[in-house]
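The structure under discussion appears below in the form of structure tokens.
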Amino acid sequence: MTAHTLILPLPAQYRIEDVLAFHARDAEGLAEQVGADNVRKAVLLDGVPVLFDVRLGAAAAACRIEADGALGEGAQVLARDALRNILALRIDPAPFADVVRDDAAFGPLVRRQPGLRIVQSATVFEALTWAIIGQQINLPFAISLRRTFIEQAGRRHSSGLWCYPEAADVARLDLETLTSRKFSRAKAETLLRVARLAAEGELVLRQDDAPERAGAALLAIKGIGPWTVNYTLLRGYGYADCSLHGDVAVRSAIGRLTGAATKPDIAQAEAWLAAYRPHRTMAAAYLWASLSQPAG
């Protein structure tokens with residue numbers, strides 16, 4: 001095993017509790033374990049099981065990276081990217097806060113929850129597959145399917161945590177392996193399709209890729225729609241202007257925020273969110289957060 005530690009400074013108003021809550025969604029802790037001030041998460045990077053053990057302090061995060069093998073230069077870049085994603089350091093919320101300071105809709109939301117950030121998946125592939133897994137099902141069932149997916153395609157790190165798989169690992173599965181564990185046939189086919197395209201190099205999933213190119217490439221794949229594309233751009237690429245107008249929760253939040261009798265349809269939500277370009281990702285984050293607050 002190889003190990004080293006990085007110290008990453010944390011910005012002012014950094015919301016530790018949000019980061020912990022995001023990584024604690026799976027109560028069984030198969031691939032992530034969360035403590036009072038730390039996160040442990042395992043992923044496969046260039047075929048090597050890697051554990052991120054992150055302790056969050058008031059001004060900095062101490063990040064220990066434990067790899068069950070040597071990490072090449074490319075994997076080291078992936079590891080640094082993964083840490084930024086895990087810690088929600090890719091999208092700066094300040095520009096959106098400045099723009100909506102006097103906005104009737106978002107101004108009060110930002111003042112109530114200053115510094116809200118988007119926590120991302122460790123890798124683009126994790127974000128994409130999680131978006132596919134979570135399509136049109138409730139969150140508890142999606143988390144259960146995700147756990148199954150990790151067990152079927154991932155590998156254990158020497159710490160005991162399971163690593164979220166890479167494309168090559170998923171590409172080796174067959175359809176029946178997934179459908180026998182409650183995956184719909186359409187969902188299983190889409191997961192295998194994107195994994196095999198990525199493993200063969202026909203689909204490039206790089207953190208530094210242009211969002212427009214990445215979005216167009218994803219949308220061209222059978223089984224991938226606009227919601228999945230935007231969610232992947234948000235959770236995987238850290239794109240600051242994702243329009244989540246197709247998201248039911250976002251639409252519900254818009255209706256609640258504007259006092260409408262019913263939530264807007266997709267076209268109405270898209271038109272309403274357009275006013276917040278190029279900061280629609282943070283708009284979605286605050287809309288999601290607003291649903292856990294009292295109306296008004």
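Ligands are numbered from 1 in the order shown, chains are lettered A, B, ... in the order of the structure tokens, and residues start at 1 in each chain.
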- Item | stretch 257-262 of chain A environment, 10 Å, only C-alpha atoms, sequence neighbours closer than 3 positions dropped, as a PyMOL selection string | chain A and resi 104-106+109+251-254+265+287+290-291+295-296
- Message: Residues near stretch 41-53 of chain A, anyone? I mean within 6 Å using only C-alpha atoms, not counting same-chain ones fewer than 2 positions away, as a PyMOL selection string.
- Response: chain A and resi 31-32+39+63-68+75+157+163-165
Save out the residues we just selected, N, CA and C atoms, as an mmCIF file, in the first residue's frame.
```
data_model
loop_
_atom_site.group_PDB
_atom_site.id
_atom_site.type_symbol
_atom_site.label_atom_id
_atom_site.label_comp_id
_atom_site.auth_asym_id
_atom_site.auth_seq_id
_atom_site.Cartn_x
_atom_site.Cartn_y
_atom_site.Cartn_z
ATOM 1 N N ALA A 31 -19.486 1.886 0.693
ATOM 2 C CA ALA A 31 -18.349 2.521 0.022
ATOM 3 C C ALA A 31 -17.938 3.835 0.673
ATOM 4 N N GLU A 32 -18.765 4.337 1.582
ATOM 5 C CA GLU A 32 -18.466 5.576 2.292
ATOM 6 C C GLU A 32 -18.790 5.396 3.771
ATOM 7 N N VAL A 39 -14.811 11.892 6.571
ATOM 8 C CA VAL A 39 -15.394 11.059 5.516
ATOM 9 C C VAL A 39 -14.341 10.081 5.032
ATOM 10 N N CYS A 63 -6.306 15.297 4.194
ATOM 11 C CA CYS A 63 -6.764 14.239 3.290
ATOM 12 C C CYS A 63 -5.672 13.186 3.141
ATOM 13 N N ARG A 64 -5.903 12.012 3.663
ATOM 14 C CA ARG A 64 -4.966 10.901 3.522
ATOM 15 C C ARG A 64 -5.458 10.006 2.382
ATOM 16 N N ILE A 65 -4.564 9.740 1.433
ATOM 17 C CA ILE A 65 -4.883 8.896 0.282
ATOM 18 C C ILE A 65 -4.129 7.586 0.435
ATOM 19 N N GLU A 66 -4.878 6.475 0.549
ATOM 20 C CA GLU A 66 -4.271 5.158 0.715
ATOM 21 C C GLU A 66 -4.605 4.314 -0.513
ATOM 22 N N ALA A 67 -3.593 3.940 -1.280
ATOM 23 C CA ALA A 67 -3.786 3.190 -2.522
ATOM 24 C C ALA A 67 -3.223 1.787 -2.387
ATOM 25 N N ASP A 68 -3.995 0.796 -2.824
ATOM 26 C CA ASP A 68 -3.543 -0.593 -2.807
ATOM 27 C C ASP A 68 -2.715 -0.891 -4.054
ATOM 28 N N ALA A 75 -3.557 8.654 -12.576
ATOM 29 C CA ALA A 75 -4.366 8.322 -11.407
ATOM 30 C C ALA A 75 -4.186 9.351 -10.303
ATOM 31 N N HIS A 157 -11.326 -2.358 -1.034
ATOM 32 C CA HIS A 157 -10.041 -1.793 -0.643
ATOM 33 C C HIS A 157 -9.540 -2.581 0.563
ATOM 34 N N CYS A 163 -14.961 -0.292 -3.245
ATOM 35 C CA CYS A 163 -14.626 0.808 -4.146
ATOM 36 C C CYS A 163 -15.695 0.973 -5.214
ATOM 37 N N TYR A 164 -16.088 2.215 -5.459
ATOM 38 C CA TYR A 164 -17.000 2.453 -6.581
ATOM 39 C C TYR A 164 -16.275 2.047 -7.864
ATOM 40 N N PRO A 165 -16.941 1.313 -8.764
ATOM 41 C CA PRO A 165 -16.260 0.751 -9.938
ATOM 42 C C PRO A 165 -15.935 1.784 -11.008
#
```
- Task: Identify which of the residues A:Phe183, A:Glu151, A:Val77, A:Ser243 lies closest to A:Asp208, counting only C-alpha atoms when measuring atom-to-atom distances.
- Result: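 Selected residue with least distance to A:Asp208: A:Val77.
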Give me the residues within 12 Å of stretch 172-176 of chain A as a PDB file with C-alpha atoms, in the first residue's frame, counting only C-alpha atoms and dropping any in the same chain fewer than 5 places off.
```pdb
ATOM      1  CA  PHE A 149     -24.124  -2.030  -8.337  1.00  0.00           C
ATOM      2  CA  ILE A 150     -20.992  -1.442  -6.235  1.00  0.00           C
ATOM      3  CA  GLU A 151     -21.044  -5.011  -4.901  1.00  0.00           C
ATOM      4  CA  GLN A 152     -21.456  -6.467  -8.391  1.00  0.00           C
ATOM      5  CA  ALA A 153     -18.822  -4.405 -10.209  1.00  0.00           C
ATOM      6  CA  GLY A 154     -16.556  -2.906  -7.556  1.00  0.00           C
ATOM      7  CA  PRO A 165     -16.260   0.751  -9.938  1.00  0.00           C
ATOM      8  CA  GLU A 166     -14.773   2.148 -13.115  1.00  0.00           C
ATOM      9  CA  ALA A 167     -16.147   1.674 -16.615  1.00  0.00           C
ATOM     10  CA  ARG A 181     -31.036  -7.702  -8.658  1.00  0.00           C
ATOM     11  CA  LYS A 182     -34.036  -5.424  -9.337  1.00  0.00           C
ATOM     12  CA  PHE A 183     -32.531  -3.271 -12.113  1.00  0.00           C
ATOM     13  CA  SER A 184     -35.051  -2.662 -14.874  1.00  0.00           C
ATOM     14  CA  ARG A 185     -33.956  -3.979 -18.238  1.00  0.00           C
ATOM     15  CA  ALA A 186     -33.790  -0.461 -19.703  1.00  0.00           C
ATOM     16  CA  LYS A 187     -31.691   0.833 -16.807  1.00  0.00           C
ATOM     17  CA  ALA A 188     -29.347  -2.159 -16.967  1.00  0.00           C
ATOM     18  CA  GLU A 189     -28.914  -1.814 -20.733  1.00  0.00           C
ATOM     19  CA  THR A 190     -28.064   1.882 -20.402  1.00  0.00           C
ATOM     20  CA  LEU A 191     -25.518   1.245 -17.636  1.00  0.00           C
ATOM     21  CA  LEU A 192     -23.789  -1.447 -19.687  1.00  0.00           C
ATOM     22  CA  ARG A 193     -23.938   0.670 -22.839  1.00  0.00           C
ATOM     23  CA  ALA A 195     -19.682   1.496 -19.462  1.00  0.00           C
ATOM     24  CA  ARG A 196     -18.674  -0.342 -22.631  1.00  0.00           C
ATOM     25  CA  ALA A 199     -14.101   1.306 -21.538  1.00  0.00           C
ATOM     26  CA  GLU A 200     -13.496   1.136 -25.303  1.00  0.00           C
TER      27      GLU A 200
END
```
- A:Leu89 surroundings by only C-alpha atoms, 8 Å radius, close-in-sequence under 5 positions cut, as JSON, numbers by chain: {"A": [84, 117, 119]}
- Pull the strand (DSSP E or B) assignments for stretch 17-166 of chain A out of DSSP run on the backbone, and list those residues as a PyMOL selection string. chain A and resi 32-34+38-45+48-56+60-67+155-156+162-164
- Task: Find the residues around A:Gln33 up to 9 Å (only C-alpha atoms counted), leave out those fewer than 6 positions away in its own chain, and share them as a PyMOL selection string.
- Result: chain A and resi 23-24+26-27+39-41+161
- Item | Pick from A:Phe141, A:Ala88, A:Pro114, A:Val34 nearest to A:Val100, counting only C-alpha atoms | A:Pro114
- Which of these, A:Ile118, A:Ala36, A:Ala240, A:Leu273, has the shortest distance to A:Phe96 once you count only C-alpha atoms?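 Nearest candidate to A:Phe96 out of A:Ile118, A:Ala36, A:Ala240, A:Leu273: A:Ala240.
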